[in-house]
Amino acid sequence: LEGATYDQIASETHHSLISVQRYVQTFVRVIELDQQGFAEVQIALVVQIGLPLVQEYLAIYHQNDSSACRQRLQEQLQRLTNGAKKGSL
């Protein structure tokens with residue numbers, strides 16, 4: 001949400017680039033489902049992650065809820081949506 005690149009996040013966290021991309025995609029999906037009105041338990045089931053991680057992602061989002069963060073989230077949602085369209089039949 002702070003605008004760091006995947007490479008920067010991977011370097012700072014010592015996680016692989018693929019892992020960072022997966023974390024960001026999961027985070028974005030959790031926020032998207034929350035905004036659509038899904039309950040936390042439902043989000044955990046749909047995204048296939050634990051409830052504590054859903055709650056942690058939502059807390060992070062709410063702690064950083066600013067117009068700049070919302071804009072970056074929209075950009076990530078757009079990327080996720082475009083990627084899904086490319087992979088569909």
# chains A, B, ... in the order shown; residues from 1 in each chain; ligands from 1
>>> residues_around(residues="A:Val30", least_positions_apart="4", cutoff="8 Å", atoms="only C-alpha atoms", output="CSV table (one decimal) with N, CA, C and O atoms, in the first residue's frame")
chain,number,residue,atom,x,y,z
A,26,THR,N,-3.2,-12.1,-2.9
A,26,THR,CA,-4.1,-12.6,-1.8
A,26,THR,C,-4.7,-11.5,-1.0
A,26,THR,O,-5.9,-11.4,-0.7
A,34,ASP,N,-14.0,-8.3,0.9
A,34,ASP,CA,-14.6,-7.5,2.0
A,34,ASP,C,-15.4,-6.3,1.5
A,34,ASP,O,-16.5,-6.1,2.1
A,43,ILE,N,-14.6,-15.1,3.4
A,43,ILE,CA,-13.4,-14.7,2.7
A,43,ILE,C,-12.3,-15.8,2.8
A,43,ILE,O,-11.7,-16.2,1.9
A,47,VAL,N,-10.8,-17.6,-0.5
A,47,VAL,CA,-9.4,-17.4,-0.8
A,47,VAL,C,-8.5,-18.6,-0.4
A,47,VAL,O,-7.4,-18.7,-0.8
A,54,VAL,N,-6.9,-13.5,7.2
A,54,VAL,CA,-7.9,-12.5,6.7
A,54,VAL,C,-8.0,-11.3,7.6
A,54,VAL,O,-8.0,-10.2,7.2
A,57,TYR,N,-4.9,-9.1,7.3
A,57,TYR,CA,-4.9,-8.3,6.1
A,57,TYR,C,-5.9,-7.1,6.2
A,57,TYR,O,-5.6,-6.0,5.8
A,58,LEU,N,-7.1,-7.4,6.8
A,58,LEU,CA,-8.1,-6.4,6.9
A,58,LEU,C,-7.6,-5.3,7.9
A,58,LEU,O,-7.8,-4.1,7.6
>>> closest_atom_pairs(of="stretch 22-68 of chain A", to="stretch 6-13 of chain A", cutoff="12 Å", atoms="only C-alpha atoms", output="tab-separated table")
residue	atom	partner	partner_atom	distance
A:Arg22	CA	A:Tyr6	CA	10.2
A:Tyr23	CA	A:Tyr6	CA	10.1
A:Val24	CA	A:Tyr6	CA	8.7
A:Gln25	CA	A:Tyr6	CA	11.2
>>> select_by_dssp(residues="chain A", states="alpha helix (DSSP H)", output="MDAnalysis selection string")
chainID A and resid 6:13 17:35 40:47 51:63 67:87
